[in-house]
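To keep things clear, I will list the structure first and then write my remarks on it.
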Amino acid sequence: MITDDIKSLLPHREPFLFVDELVSCDENGSVSTRTFTESDFFFKGHFPDYPVVPGVILVETMAQAGGAALSWQKKFAENSLFFLGSVDKVKFRNQVRPGDTVRMEVTNLRVSKNMVKQAGKAFVGNTLCAEAEWMCLVAKAEKKL
């Protein structure tokens with residue numbers, strides 16, 4: 001494991017921080033994990049009798065994992081923000097439920113000073129649960145209102 005201090009790498013905070021630890025990273029990509037628990041806010045409504053992680057949360061989790069790795073590598077100015085610009089080739093292949101630890105394997109397709117294009121796969125054990133490609137625009141954080 002590289003770090004579990006994800007708050008130093010991402011601006012996200014609970015309840016919308018979906019990365020627990022950065023396991024490995026290099027120029028080509030990264031591996032991160034997130035364990036979803038019964039206390040995650042979305043399980044109250046998705047679905048109360050059969051809780052499942054929403055697909056859009058899985059995509060967000062992969063994107064956060066990719067951003068955390070780039071922040072660890074200091075690819076961008078401090079306090080940079082990553083805004084999703086597009087999401088493509090999304091496939092949901094298996095459910096993720098409370099108690100599941102998801103391993104995100106992210107590949108850097110293109111990294112420039114203003115844009116990031118990545119692809120990711122989310123696994124529980126050896127089971128592929130979701131995959132997607134996304135593009136993020138990179139911007140400097142402005143002062144709070």
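In the structure tokens, chains take the letters A, B, ... in the order shown, each chain's residues start at 1, and ligands count up from 1 in the order shown.
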Exercise. Assign secondary structure with DSSP using the backbone only, and return the residues of chain A in helix (DSSP H, G or I) as a PyMOL selection string.
Key: chain A and resi 6-8+41-44+55-72
Store the residues picked out above in a file with N, CA and C atoms, as an mmCIF file, in the first residue's frame.
```
data_model
loop_
_atom_site.group_PDB
_atom_site.id
_atom_site.type_symbol
_atom_site.label_atom_id
_atom_site.label_comp_id
_atom_site.auth_asym_id
_atom_site.auth_seq_id
_atom_site.Cartn_x
_atom_site.Cartn_y
_atom_site.Cartn_z
ATOM 1 N N ILE A 6 -6.107 9.489 1.879
ATOM 2 C CA ILE A 6 -6.717 9.924 0.621
ATOM 3 C C ILE A 6 -7.166 11.380 0.695
ATOM 4 N N LYS A 7 -7.518 11.855 1.877
ATOM 5 C CA LYS A 7 -7.950 13.251 2.016
ATOM 6 C C LYS A 7 -6.851 14.236 1.637
ATOM 7 N N SER A 8 -5.597 13.811 1.708
ATOM 8 C CA SER A 8 -4.512 14.699 1.283
ATOM 9 C C SER A 8 -4.380 14.716 -0.239
ATOM 10 N N PHE A 41 -24.442 6.252 2.637
ATOM 11 C CA PHE A 41 -25.729 6.949 2.568
ATOM 12 C C PHE A 41 -26.692 6.403 1.525
ATOM 13 N N PHE A 42 -26.209 5.955 0.399
ATOM 14 C CA PHE A 42 -27.080 5.577 -0.719
ATOM 15 C C PHE A 42 -27.805 4.248 -0.506
ATOM 16 N N PHE A 43 -27.308 3.420 0.417
ATOM 17 C CA PHE A 43 -27.963 2.131 0.650
ATOM 18 C C PHE A 43 -29.358 2.285 1.265
ATOM 19 N N LYS A 44 -29.637 3.422 1.912
ATOM 20 C CA LYS A 44 -30.956 3.644 2.512
ATOM 21 C C LYS A 44 -32.052 3.676 1.454
ATOM 22 N N GLY A 55 -24.597 2.231 -9.887
ATOM 23 C CA GLY A 55 -23.586 2.233 -10.940
ATOM 24 C C GLY A 55 -22.834 3.542 -11.042
ATOM 25 N N VAL A 56 -23.528 4.655 -10.891
ATOM 26 C CA VAL A 56 -22.853 5.945 -11.024
ATOM 27 C C VAL A 56 -21.839 6.148 -9.894
ATOM 28 N N ILE A 57 -22.116 5.552 -8.725
ATOM 29 C CA ILE A 57 -21.143 5.617 -7.620
ATOM 30 C C ILE A 57 -19.903 4.796 -7.972
ATOM 31 N N LEU A 58 -20.090 3.659 -8.629
ATOM 32 C CA LEU A 58 -18.925 2.863 -9.050
ATOM 33 C C LEU A 58 -18.067 3.636 -10.049
ATOM 34 N N VAL A 59 -18.701 4.343 -10.985
ATOM 35 C CA VAL A 59 -17.938 5.157 -11.940
ATOM 36 C C VAL A 59 -17.207 6.276 -11.205
ATOM 37 N N GLU A 60 -17.894 6.943 -10.298
ATOM 38 C CA GLU A 60 -17.261 8.002 -9.508
ATOM 39 C C GLU A 60 -16.096 7.455 -8.690
ATOM 40 N N THR A 61 -16.259 6.264 -8.133
ATOM 41 C CA THR A 61 -15.198 5.641 -7.342
ATOM 42 C C THR A 61 -13.956 5.408 -8.191
ATOM 43 N N MET A 62 -14.145 4.896 -9.410
ATOM 44 C CA MET A 62 -13.001 4.680 -10.305
ATOM 45 C C MET A 62 -12.332 6.006 -10.675
ATOM 46 N N ALA A 63 -13.139 7.027 -10.970
ATOM 47 C CA ALA A 63 -12.574 8.335 -11.336
ATOM 48 C C ALA A 63 -11.808 8.944 -10.163
ATOM 49 N N GLN A 64 -12.357 8.843 -8.949
ATOM 50 C CA GLN A 64 -11.633 9.352 -7.783
ATOM 51 C C GLN A 64 -10.317 8.608 -7.593
ATOM 52 N N ALA A 65 -10.346 7.293 -7.799
ATOM 53 C CA ALA A 65 -9.122 6.497 -7.655
ATOM 54 C C ALA A 65 -8.053 6.970 -8.640
ATOM 55 N N GLY A 66 -8.458 7.214 -9.875
ATOM 56 C CA GLY A 66 -7.509 7.704 -10.878
ATOM 57 C C GLY A 66 -6.962 9.073 -10.535
ATOM 58 N N GLY A 67 -7.826 9.955 -10.035
ATOM 59 C CA GLY A 67 -7.386 11.296 -9.631
ATOM 60 C C GLY A 67 -6.453 11.259 -8.434
ATOM 61 N N ALA A 68 -6.739 10.395 -7.473
ATOM 62 C CA ALA A 68 -5.876 10.279 -6.286
ATOM 63 C C ALA A 68 -4.466 9.857 -6.676
ATOM 64 N N ALA A 69 -4.365 8.919 -7.612
ATOM 65 C CA ALA A 69 -3.044 8.455 -8.047
ATOM 66 C C ALA A 69 -2.268 9.560 -8.742
ATOM 67 N N LEU A 70 -2.944 10.330 -9.588
ATOM 68 C CA LEU A 70 -2.261 11.444 -10.272
ATOM 69 C C LEU A 70 -1.836 12.507 -9.268
ATOM 70 N N SER A 71 -2.660 12.748 -8.251
ATOM 71 C CA SER A 71 -2.283 13.703 -7.203
ATOM 72 C C SER A 71 -1.066 13.206 -6.430
ATOM 73 N N TRP A 72 -1.032 11.912 -6.125
ATOM 74 C CA TRP A 72 0.113 11.319 -5.425
ATOM 75 C C TRP A 72 1.397 11.549 -6.222
#
```
Counting only C-alpha atoms, what are the residues of segment 21-79 of chain A within 8 Å of segment 99-113 of chain A, and for each of them which pair of atoms is the nearest and at what distance in Å, to one decimal? Sort the table by chain and rising number, as a tab-separated table.
```
residue	atom	partner	partner_atom	distance
A:Glu27	CA	A:Asn108	CA	7.4
A:Asn28	CA	A:Asn108	CA	5.4
A:Gly29	CA	A:Thr107	CA	4.2
A:Ser30	CA	A:Val106	CA	5.2
A:Val31	CA	A:Glu105	CA	4.7
A:Ser32	CA	A:Met104	CA	5.2
A:Thr33	CA	A:Arg103	CA	4.6
A:Arg34	CA	A:Val102	CA	5.3
A:Thr35	CA	A:Thr101	CA	4.0
A:Phe36	CA	A:Gly99	CA	5.5
A:Thr37	CA	A:Gly99	CA	5.2
A:Glu38	CA	A:Gly99	CA	7.1
A:Thr61	CA	A:Met104	CA	7.9
A:Met62	CA	A:Met104	CA	5.9
A:Ala65	CA	A:Met104	CA	7.0
A:Gly66	CA	A:Val106	CA	5.9
A:Lys75	CA	A:Lys113	CA	7.9
A:Phe76	CA	A:Lys113	CA	6.8
```
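Nearest to Ala132 of chain A of all the residues A:Arg13, A:Arg97, A:Ser86, A:Lys91 is A:Lys91, based on only C-alpha atoms.
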Quiz item: So which bits of segment 64-112 of chain A end up strand (DSSP E or B) when you DSSP the backbone, as a count of residues only?
Solution: 24
Can you pull out the residues contacting Phe82 of chain A? Cut-off 7 Å, using only C-alpha atoms, and skip same-chain residues under 5 positions away; I want them as a PDB file with all heavy atoms, in the first residue's frame.
```
ATOM      1  N   CYS A 136     -11.624  13.881 -17.620  1.00  0.00           N
ATOM      2  CA  CYS A 136     -11.781  14.946 -16.627  1.00  0.00           C
ATOM      3  C   CYS A 136     -11.041  16.192 -17.087  1.00  0.00           C
ATOM      4  O   CYS A 136      -9.937  16.105 -17.633  1.00  0.00           O
ATOM      5  CB  CYS A 136     -11.206  14.521 -15.272  1.00  0.00           C
ATOM      6  SG  CYS A 136     -12.154  13.250 -14.434  1.00  0.00           S
ATOM      7  N   LEU A 137     -11.664  17.323 -16.849  1.00  0.00           N
ATOM      8  CA  LEU A 137     -11.005  18.605 -17.054  1.00  0.00           C
ATOM      9  C   LEU A 137     -10.343  18.982 -15.745  1.00  0.00           C
ATOM     10  O   LEU A 137     -10.895  18.751 -14.666  1.00  0.00           O
ATOM     11  CB  LEU A 137     -12.023  19.653 -17.470  1.00  0.00           C
ATOM     12  CG  LEU A 137     -12.812  19.307 -18.737  1.00  0.00           C
ATOM     13  CD1 LEU A 137     -13.913  20.318 -18.971  1.00  0.00           C
ATOM     14  CD2 LEU A 137     -11.882  19.217 -19.931  1.00  0.00           C
ATOM     15  N   VAL A 138      -9.162  19.553 -15.824  1.00  0.00           N
ATOM     16  CA  VAL A 138      -8.397  19.929 -14.635  1.00  0.00           C
ATOM     17  C   VAL A 138      -8.448  21.440 -14.498  1.00  0.00           C
ATOM     18  O   VAL A 138      -8.201  22.170 -15.457  1.00  0.00           O
ATOM     19  CB  VAL A 138      -6.931  19.448 -14.747  1.00  0.00           C
ATOM     20  CG1 VAL A 138      -6.147  19.834 -13.503  1.00  0.00           C
ATOM     21  CG2 VAL A 138      -6.880  17.949 -15.004  1.00  0.00           C
ATOM     22  N   ALA A 139      -8.798  21.905 -13.300  1.00  0.00           N
ATOM     23  CA  ALA A 139      -8.870  23.340 -13.046  1.00  0.00           C
ATOM     24  C   ALA A 139      -8.299  23.627 -11.667  1.00  0.00           C
ATOM     25  O   ALA A 139      -8.299  22.767 -10.788  1.00  0.00           O
ATOM     26  CB  ALA A 139     -10.315  23.826 -13.117  1.00  0.00           C
TER      27      ALA A 139
END
```
Practice problem: Between atom CA of Asp5 of chain A and atom CA of Val124 of chain A, measure the distance and give it in Å to one decimal. | Solution: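 Atom-to-atom, atom CA of Asp5 of chain A and atom CA of Val124 of chain A are spaced 22.1 Å apart.
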Practice problem: Work out how far apart atom CA of Ser39 of chain A and atom CA of Ala130 of chain A are and give it in Å to one decimal. | Solution: 21.8 Å
Quiz item: Which residues come within 8 Å of Val52 of chain A, counting only C-alpha atoms, excluding same-chain residues fewer than 3 positions away, as a PyMOL selection string?
Solution: chain A and resi 43+46-47+95-98
Take the residues just selected and output them with N, CA and C atoms as an mmCIF file, in the first residue's frame.
```cif
data_model
loop_
_atom_site.group_PDB
_atom_site.id
_atom_site.type_symbol
_atom_site.label_atom_id
_atom_site.label_comp_id
_atom_site.auth_asym_id
_atom_site.auth_seq_id
_atom_site.Cartn_x
_atom_site.Cartn_y
_atom_site.Cartn_z
ATOM 1 N N PHE A 43 -27.308 3.420 0.417
ATOM 2 C CA PHE A 43 -27.963 2.131 0.650
ATOM 3 C C PHE A 43 -29.358 2.285 1.265
ATOM 4 N N HIS A 46 -31.293 2.645 -2.087
ATOM 5 C CA HIS A 46 -30.899 1.882 -3.294
ATOM 6 C C HIS A 46 -30.402 0.496 -2.924
ATOM 7 N N PHE A 47 -31.094 -0.401 -2.629
ATOM 8 C CA PHE A 47 -32.517 -0.524 -2.333
ATOM 9 C C PHE A 47 -32.621 -0.993 -0.892
ATOM 10 N N GLN A 95 -23.112 -7.005 -9.334
ATOM 11 C CA GLN A 95 -23.504 -6.126 -8.241
ATOM 12 C C GLN A 95 -22.393 -5.984 -7.211
ATOM 13 N N VAL A 96 -22.360 -4.810 -6.590
ATOM 14 C CA VAL A 96 -21.495 -4.560 -5.442
ATOM 15 C C VAL A 96 -22.425 -4.280 -4.272
ATOM 16 N N ARG A 97 -22.201 -4.981 -3.158
ATOM 17 C CA ARG A 97 -23.111 -4.936 -2.014
ATOM 18 C C ARG A 97 -22.358 -4.484 -0.765
ATOM 19 N N PRO A 98 -23.091 -4.135 0.298
ATOM 20 C CA PRO A 98 -22.431 -3.743 1.548
ATOM 21 C C PRO A 98 -21.457 -4.822 2.012
#
```
Quiz prompt | A:Lys140, A:Lys117, A:Trp134, A:Gly125 ranked by distance to Asp88 of chain A, top pick (using only C-alpha atoms) | solution =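 The answer is A:Trp134, which sits nearest to Asp88 of chain A.
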